[in-house]
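Colleague: Have a peek at structure-v7.tsv (TSV, C-alpha atoms).
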chain	number	residue	atom	x	y	z
A	1486	MET	CA	0.00	0.00	0.00
A	1487	LYS	CA	1.21	3.46	-0.84
A	1488	ILE	CA	0.31	6.64	1.02
A	1489	VAL	CA	1.49	10.10	-0.02
A	1490	ALA	CA	1.55	13.16	2.25
A	1491	ILE	CA	1.29	16.36	0.23
A	1492	CYS	CA	2.18	19.93	1.21
A	1493	GLY	CA	3.55	23.05	-0.45
A	1494	ALA	CA	7.26	22.44	-0.07
A	1495	GLY	CA	7.38	18.67	0.28
A	1496	ILE	CA	9.26	19.13	3.54
A	1497	GLY	CA	8.20	20.38	6.96
A	1498	SER	CA	4.44	19.89	7.18
A	1499	SER	CA	4.22	16.89	4.85
A	1500	SER	CA	7.13	15.30	6.71
A	1501	ILE	CA	5.26	15.66	10.00
A	1502	LEU	CA	2.25	14.03	8.37
A	1503	LYS	CA	4.48	11.20	7.09
A	1504	VAL	CA	6.07	10.59	10.49
A	1505	ASN	CA	2.73	10.58	12.32
A	1506	ALA	CA	0.98	8.47	9.66
A	1507	GLU	CA	3.75	5.87	10.02
A	1508	ARG	CA	3.21	5.86	13.79
A	1509	VAL	CA	-0.53	5.36	13.37
A	1510	LEU	CA	-0.07	2.58	10.79
A	1511	ALA	CA	2.36	0.80	13.09
A	1512	ASN	CA	-0.18	1.04	15.93
A	1513	LEU	CA	-2.84	-0.39	13.65
A	1514	GLY	CA	-0.50	-3.17	12.53
A	1515	LEU	CA	-0.70	-2.04	8.90
A	1516	GLU	CA	2.17	-1.95	6.46
A	1517	ALA	CA	2.39	0.92	4.02
A	1518	ASN	CA	4.95	2.95	2.20
A	1519	VAL	CA	4.43	6.61	3.21
A	1520	THR	CA	6.15	9.34	1.20
A	1521	ALA	CA	6.14	13.11	1.57
A	1522	ALA	CA	5.93	15.22	-1.57
A	1523	ASP	CA	5.13	18.72	-2.74
A	1524	ILE	CA	1.96	19.62	-4.58
A	1525	SER	CA	3.73	20.17	-7.91
A	1526	SER	CA	4.79	16.53	-8.04
A	1527	VAL	CA	1.46	15.04	-6.91
A	1528	ARG	CA	0.63	13.72	-10.42
A	1529	THR	CA	3.71	11.53	-10.62
A	1530	VAL	CA	4.19	10.67	-6.95
A	1531	ALA	CA	0.57	9.85	-6.18
A	1532	ALA	CA	-0.32	8.13	-9.46
A	1533	ASP	CA	-0.26	4.68	-7.82
A	1534	ALA	CA	-1.13	5.77	-4.27
A	1535	GLN	CA	-4.16	4.44	-2.39
A	1536	VAL	CA	-4.32	7.39	-0.02
A	1537	ILE	CA	-3.29	11.05	-0.19
A	1538	LEU	CA	-2.96	12.86	3.14
A	1539	THR	CA	-3.08	16.64	2.97
A	1540	SER	CA	-4.69	19.82	4.25
A	1541	SER	CA	-7.81	21.38	2.74
A	1542	GLU	CA	-5.79	24.00	0.81
A	1543	PHE	CA	-4.47	21.36	-1.59
A	1544	VAL	CA	-7.62	19.37	-2.35
A	1545	GLU	CA	-8.52	21.40	-5.42
A	1546	ALA	CA	-4.96	21.35	-6.77
A	1547	ILE	CA	-4.76	17.56	-6.38
A	1548	GLY	CA	-7.76	17.30	-8.69
A	1549	LYS	CA	-9.07	14.00	-10.00
A	1550	THR	CA	-7.32	10.99	-8.56
A	1551	PHE	CA	-7.95	7.32	-7.89
A	1552	ALA	CA	-6.56	7.80	-4.40
A	1553	ASP	CA	-8.69	8.49	-1.36
A	1554	VAL	CA	-7.93	12.10	-0.41
A	1555	ILE	CA	-7.93	12.54	3.37
A	1556	VAL	CA	-7.88	16.06	4.81
A	1557	ILE	CA	-6.11	16.33	8.16
A	1558	GLU	CA	-6.91	19.31	10.38
A	1559	ASN	CA	-4.50	18.76	13.27
A	1560	TYR	CA	-1.27	17.17	12.05
A	1561	PHE	CA	-0.29	16.23	15.59
A	1562	ASP	CA	-3.56	14.59	16.61
A	1563	LEU	CA	-2.86	10.87	16.28
A	1564	ARG	CA	-6.50	10.12	17.14
A	1565	GLU	CA	-7.76	12.12	14.16
A	1566	LEU	CA	-5.19	10.44	11.89
A	1567	THR	CA	-6.12	7.00	13.23
A	1568	GLU	CA	-9.87	7.52	12.76
A	1569	LYS	CA	-9.52	8.88	9.23
A	1570	LEU	CA	-6.97	6.27	8.10
A	1571	GLU	CA	-9.00	3.42	9.61
A	1572	LYS	CA	-12.12	4.63	7.84
A	1573	SER	CA	-10.31	4.88	4.54
A	1574	LEU	CA	-8.40	1.61	4.76
A	1575	GLY	CA	-11.00	-0.45	6.60
B	358	MET	CA	16.78	12.03	17.20
B	359	SER	CA	17.19	15.70	17.92
B	360	LEU	CA	15.46	18.94	17.08
B	361	PRO	CA	17.12	21.47	14.81
B	362	PRO	CA	19.13	23.89	16.99
B	363	LEU	CA	16.97	26.30	19.02
B	364	PRO	CA	19.21	28.83	20.77
B	365	GLU	CA	17.72	31.65	22.89
B	366	GLU	CA	18.39	34.21	20.12
B	367	ALA	CA	15.86	32.38	17.96
B	368	ILE	CA	13.05	32.81	20.51
B	369	THR	CA	10.72	35.82	20.66
B	370	ILE	CA	8.19	35.97	23.47
B	371	GLY	CA	4.94	37.90	23.60
B	372	ALA	CA	5.51	39.69	20.31
B	373	ASP	CA	3.05	42.16	18.84
B	374	ALA	CA	2.14	41.17	15.32
B	375	ARG	CA	-0.89	42.60	13.60
B	376	THR	CA	-0.85	40.25	10.63
B	377	TRP	CA	0.34	36.74	9.83
B	378	ARG	CA	3.02	38.24	7.60
B	379	GLU	CA	4.47	40.16	10.54
B	380	ALA	CA	4.36	37.00	12.64
B	381	VAL	CA	6.21	34.98	9.98
B	382	ARG	CA	8.79	37.78	9.61
B	383	LEU	CA	9.46	37.58	13.35
B	384	ALA	CA	10.13	33.85	12.98
B	385	GLY	CA	12.45	34.68	10.06
B	386	ALA	CA	14.22	37.28	12.21
B	387	GLY	CA	14.78	34.57	14.85
B	388	LEU	CA	16.34	32.27	12.25
B	389	GLU	CA	18.52	35.15	11.08
B	390	ALA	CA	19.56	36.03	14.66
B	391	SER	CA	20.71	32.47	15.30
B	392	GLY	CA	22.62	32.33	12.01
B	393	ALA	CA	20.36	29.67	10.46
B	394	ALA	CA	19.05	31.74	7.57
B	395	ARG	CA	19.51	35.00	5.69
B	396	SER	CA	16.87	37.72	5.87
B	397	ALA	CA	15.44	36.81	2.46
B	398	TYR	CA	14.25	33.48	3.93
B	399	SER	CA	11.38	35.33	5.66
B	400	GLU	CA	9.99	36.41	2.33
B	401	GLU	CA	10.37	32.86	1.01
B	402	MET	CA	8.27	31.56	3.92
B	403	ILE	CA	5.65	34.24	3.24
B	404	ARG	CA	5.64	33.41	-0.46
B	405	MET	CA	4.87	29.75	0.30
B	406	ILE	CA	1.75	30.81	2.20
B	407	GLU	CA	0.71	33.34	-0.44
B	408	GLU	CA	1.07	30.67	-3.09
B	409	HIS	CA	-0.55	27.71	-1.32
B	410	GLY	CA	-2.70	29.19	1.43
B	411	PRO	CA	-2.50	28.85	5.22
B	412	TYR	CA	-1.66	25.12	5.17
B	413	VAL	CA	1.29	25.83	7.48
B	414	VAL	CA	-1.21	26.19	10.33
B	415	ILE	CA	-0.96	22.49	11.10
B	416	ALA	CA	-2.56	22.39	14.56
B	417	PRO	CA	-4.89	24.62	16.58
B	418	GLY	CA	-2.93	27.79	17.41
B	419	LEU	CA	0.30	26.64	15.74
B	420	ALA	CA	1.91	27.64	12.44
B	421	LEU	CA	5.01	25.89	11.08
B	422	ALA	CA	6.46	28.50	8.75
B	423	HIS	CA	9.10	27.14	6.40
B	424	ALA	CA	10.32	27.22	2.82
B	425	ARG	CA	12.39	24.88	0.70
B	426	PRO	CA	16.10	24.41	1.26
B	427	GLY	CA	17.94	26.99	-0.81
B	428	PRO	CA	20.61	29.68	-0.88
B	429	ASP	CA	18.93	31.61	1.98
B	430	VAL	CA	19.43	28.74	4.43
B	431	ILE	CA	22.82	28.72	6.18
B	432	LYS	CA	22.25	25.77	8.52
B	433	ASP	CA	19.39	23.80	10.07
B	434	GLY	CA	17.55	25.85	12.65
B	435	LEU	CA	14.31	26.44	14.48
B	436	ALA	CA	12.75	29.69	15.71
B	437	VAL	CA	9.83	30.15	18.09
B	438	VAL	CA	7.61	33.23	18.27
B	439	THR	CA	4.78	33.60	20.78
B	440	LEU	CA	2.24	36.33	20.11
B	441	SER	CA	0.69	38.58	22.74
B	442	THR	CA	-2.46	38.65	20.63
B	443	PRO	CA	-3.08	35.65	18.37
B	444	VAL	CA	-3.37	36.40	14.64
B	445	ALA	CA	-5.48	34.78	11.95
B	446	PHE	CA	-3.79	33.08	9.01
B	447	GLY	CA	-7.12	32.35	7.32
B	448	HIS	CA	-7.13	28.68	8.26
B	449	PRO	CA	-10.59	27.08	8.41
B	450	HIS	CA	-10.00	25.15	11.65
B	451	ASN	CA	-6.79	26.08	13.43
B	452	ASP	CA	-6.96	29.88	13.68
B	453	PRO	CA	-6.03	32.02	15.53
B	454	VAL	CA	-2.32	31.32	15.83
B	455	SER	CA	-0.48	32.10	19.05
B	456	VAL	CA	2.74	30.16	18.37
B	457	VAL	CA	4.73	30.45	15.14
B	458	LEU	CA	7.62	28.09	14.50
B	459	GLY	CA	10.16	28.94	11.83
B	460	LEU	CA	11.98	25.98	10.32
B	461	ALA	CA	15.06	26.19	8.14
B	462	ILE	CA	16.36	22.98	6.60
B	463	LEU	CA	19.66	22.84	4.74
B	464	SER	CA	18.94	19.68	2.80
B	465	ILE	CA	15.93	17.43	2.34
B	466	GLU	CA	18.01	14.35	3.02
B	467	GLY	CA	18.23	13.63	6.70
B	468	HIS	CA	15.69	16.16	7.93
B	469	LEU	CA	13.10	13.52	8.80
B	470	ALA	CA	14.76	12.65	12.10
B	471	SER	CA	14.48	16.22	13.35
B	472	VAL	CA	10.90	16.49	12.11
B	473	ALA	CA	10.08	13.26	13.94
B	474	GLU	CA	11.37	14.87	17.11
B	475	LEU	CA	9.20	17.91	16.41
B	476	ALA	CA	6.25	15.52	16.17
B	477	ASN	CA	7.27	14.00	19.51
B	478	VAL	CA	7.05	17.45	21.10
B	479	PHE	CA	3.66	18.39	19.67
B	480	ASN	CA	1.94	15.02	19.77
B	481	ASP	CA	1.56	16.07	23.39
B	482	PRO	CA	-1.51	18.35	23.21
B	483	THR	CA	-0.34	20.41	26.20
B	484	ALA	CA	2.78	21.63	24.36
B	485	ILE	CA	1.20	24.46	22.33
B	486	PRO	CA	-0.66	26.13	25.24
B	487	ALA	CA	2.44	25.69	27.44
B	488	ILE	CA	4.68	27.41	24.87
B	489	ALA	CA	2.10	30.16	24.30
B	490	ALA	CA	2.04	30.85	28.05
B	491	ALA	CA	5.82	30.65	28.63
B	492	LYS	CA	7.38	33.76	30.15
B	493	ASP	CA	10.99	33.12	29.16
B	494	ALA	CA	13.09	31.43	26.50
B	495	ALA	CA	14.48	28.81	28.90
B	496	THR	CA	10.97	27.51	29.56
B	497	ILE	CA	10.29	27.20	25.83
B	498	ILE	CA	13.59	25.40	25.23
B	499	ALA	CA	12.76	22.97	28.06
B	500	ILE	CA	9.33	22.24	26.56
B	501	MET	CA	10.78	21.78	23.08
B	502	LYS	CA	13.50	19.48	24.41
B	503	ARG	CA	10.85	17.67	26.50
B	504	GLU	CA	12.72	18.31	29.72
B	505	GLN	CA	9.53	19.27	31.53
Produce structure tokens that represent the structure in this file.

Modeller:
Amino acid sequence: MKIVAICGAGIGSSSILKVNAERVLANLGLEANVTAADISSVRTVAADAQVILTSSEFVEAIGKTFADVIVIENYFDLRELTEKLEKSLG
Amino acid sequence: MSLPPLPEEAITIGADARTWREAVRLAGAGLEASGAARSAYSEEMIRMIEEHGPYVVIAPGLALAHARPGPDVIKDGLAVVTLSTPVAFGHPHNDPVSVVLGLAILSIEGHLASVAELANVFNDPTAIPAIAAAKDAATIIAIMKREQ
């Protein structure tokens, strides 16, 4: 399974999302490859992704995709990440 | 794992900022004061938000201002600004912001360990209000290094 965290720079905020998503997936006992990327490379990076994690600002720019786009409000709230990832993957 | 360096010079407490741009510039000034970035880095951080929106407001009350690695970054560094009056960045859920972090990263490779440590700090929901309420730089450094 492939999950992509998208932000403006591809570092900083998306990296935090990547780190915390990996923690949540480990807690859930799920294996996935989580990458962080910037919005300009979403087409190539997320082409084969099942899930895109991002904030609401990027939803429109991501556009049509086969991936499930999950909007995260609080990047540090592992409960929010767990609930949304479980819903998407379950 | 360790945070990017956060010396006292990079910390501004109880600042007056009327707009998010002023708040981000204060974070940039902290990075400049500690020798992590050149002054132009502030405008780069602002440009990221102008271009992509207030996505840097990643938790209630907290903005993580940053730009890409580039010529304006001298070394990895972190800056912390607390605001006497919180400012709005225009974020739908996490406004207003009372704590602005400035992050300068020299290279994309190898920055994940320090970001993971940043996550360790803020996965504790008491960290943001504690930093916002801190009266001195030593308290903020202790919170960020999880010595409290």

Colleague: Pull out every residue of chain B that has at least one atom within 9 Å of chain A, counting all atoms listed in the file, and report them as an NGL selection string.

Modeller: :B and (405-406 or 408-417 or 421-426 or 448-451 or 460 or 462 or 465 or 468-469 or 472-473 or 475-477 or 479-482)

Colleague: Work out how far CA of Asp1523 (chain A) is from CA of Val438 (chain B), in Å to one decimal.

Modeller: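 Interatomic distance, CA of Val438 (chain B) to CA of Asp1523 (chain A): 25.7 Å.
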
Colleague: Work out how far CA of Leu435 (chain B) is from CA of Asp373 (chain B), in Å to one decimal.

Modeller: 19.8 Å

Colleague: Using all atoms listed in the file, which residue out of B:Leu419, B:Ile370, B:Leu360, B:Val444 lies closest to Ala495 (chain B)?

Modeller: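 When distances to Ala495 (chain B) are compared using all atoms listed in the file, the smallest one comes from B:Ile370.
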
Colleague: Please indicate the distance in Å from CA of Glu1571 (chain A) to CA of Val1544 (chain A), rounded to one decimal place.

Modeller: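 These atoms are spaced 20.0 Å apart.
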
Colleague: Counting all atoms listed in the file, I want the residues whose atoms come within 12 Å of (2.7, 9.6, -7.5) in the file frame, returned as a PDB file with C-alpha atoms, in the frame of the given file.

Modeller:
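point_7.pdb, written as the output of this step:
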ATOM      1  CA  LYS A1487       1.210   3.460  -0.840  1.00  0.00           C
ATOM      2  CA  ILE A1488       0.310   6.640   1.020  1.00  0.00           C
ATOM      3  CA  VAL A1489       1.490  10.100  -0.020  1.00  0.00           C
ATOM      4  CA  ALA A1490       1.550  13.160   2.250  1.00  0.00           C
ATOM      5  CA  ILE A1491       1.290  16.360   0.230  1.00  0.00           C
ATOM      6  CA  ASN A1518       4.950   2.950   2.200  1.00  0.00           C
ATOM      7  CA  VAL A1519       4.430   6.610   3.210  1.00  0.00           C
ATOM      8  CA  THR A1520       6.150   9.340   1.200  1.00  0.00           C
ATOM      9  CA  ALA A1521       6.140  13.110   1.570  1.00  0.00           C
ATOM     10  CA  ALA A1522       5.930  15.220  -1.570  1.00  0.00           C
ATOM     11  CA  ASP A1523       5.130  18.720  -2.740  1.00  0.00           C
ATOM     12  CA  ILE A1524       1.960  19.620  -4.580  1.00  0.00           C
ATOM     13  CA  SER A1525       3.730  20.170  -7.910  1.00  0.00           C
ATOM     14  CA  SER A1526       4.790  16.530  -8.040  1.00  0.00           C
ATOM     15  CA  VAL A1527       1.460  15.040  -6.910  1.00  0.00           C
ATOM     16  CA  ARG A1528       0.630  13.720 -10.420  1.00  0.00           C
ATOM     17  CA  THR A1529       3.710  11.530 -10.620  1.00  0.00           C
ATOM     18  CA  VAL A1530       4.190  10.670  -6.950  1.00  0.00           C
ATOM     19  CA  ALA A1531       0.570   9.850  -6.180  1.00  0.00           C
ATOM     20  CA  ALA A1532      -0.320   8.130  -9.460  1.00  0.00           C
ATOM     21  CA  ASP A1533      -0.260   4.680  -7.820  1.00  0.00           C
ATOM     22  CA  ALA A1534      -1.130   5.770  -4.270  1.00  0.00           C
ATOM     23  CA  GLN A1535      -4.160   4.440  -2.390  1.00  0.00           C
ATOM     24  CA  VAL A1536      -4.320   7.390  -0.020  1.00  0.00           C
ATOM     25  CA  ILE A1537      -3.290  11.050  -0.190  1.00  0.00           C
ATOM     26  CA  ILE A1547      -4.760  17.560  -6.380  1.00  0.00           C
ATOM     27  CA  THR A1550      -7.320  10.990  -8.560  1.00  0.00           C
ATOM     28  CA  PHE A1551      -7.950   7.320  -7.890  1.00  0.00           C
ATOM     29  CA  ALA A1552      -6.560   7.800  -4.400  1.00  0.00           C
TER      30      ALA A1552
END

Colleague: Could you pull the residues within 9 Å of Pro486 (chain B), counting all atoms listed in the file, minus those fewer than 4 positions along the same chain, as number ranges by chain?

Modeller: B: 418, 455-456, 482, 490-491

Colleague: Please produce a file of those selected residues containing C-alpha atoms, as a compact mmCIF listing (two decimals), in the coordinates of the input.

Modeller:
# COMPACT_ATOMS: atom_id res chain seq x y z
CA GLY B 418 -2.93 27.79 17.41
CA SER B 455 -0.48 32.10 19.05
CA VAL B 456 2.74 30.16 18.37
CA PRO B 482 -1.51 18.35 23.21
CA ALA B 490 2.04 30.85 28.05
CA ALA B 491 5.82 30.65 28.63
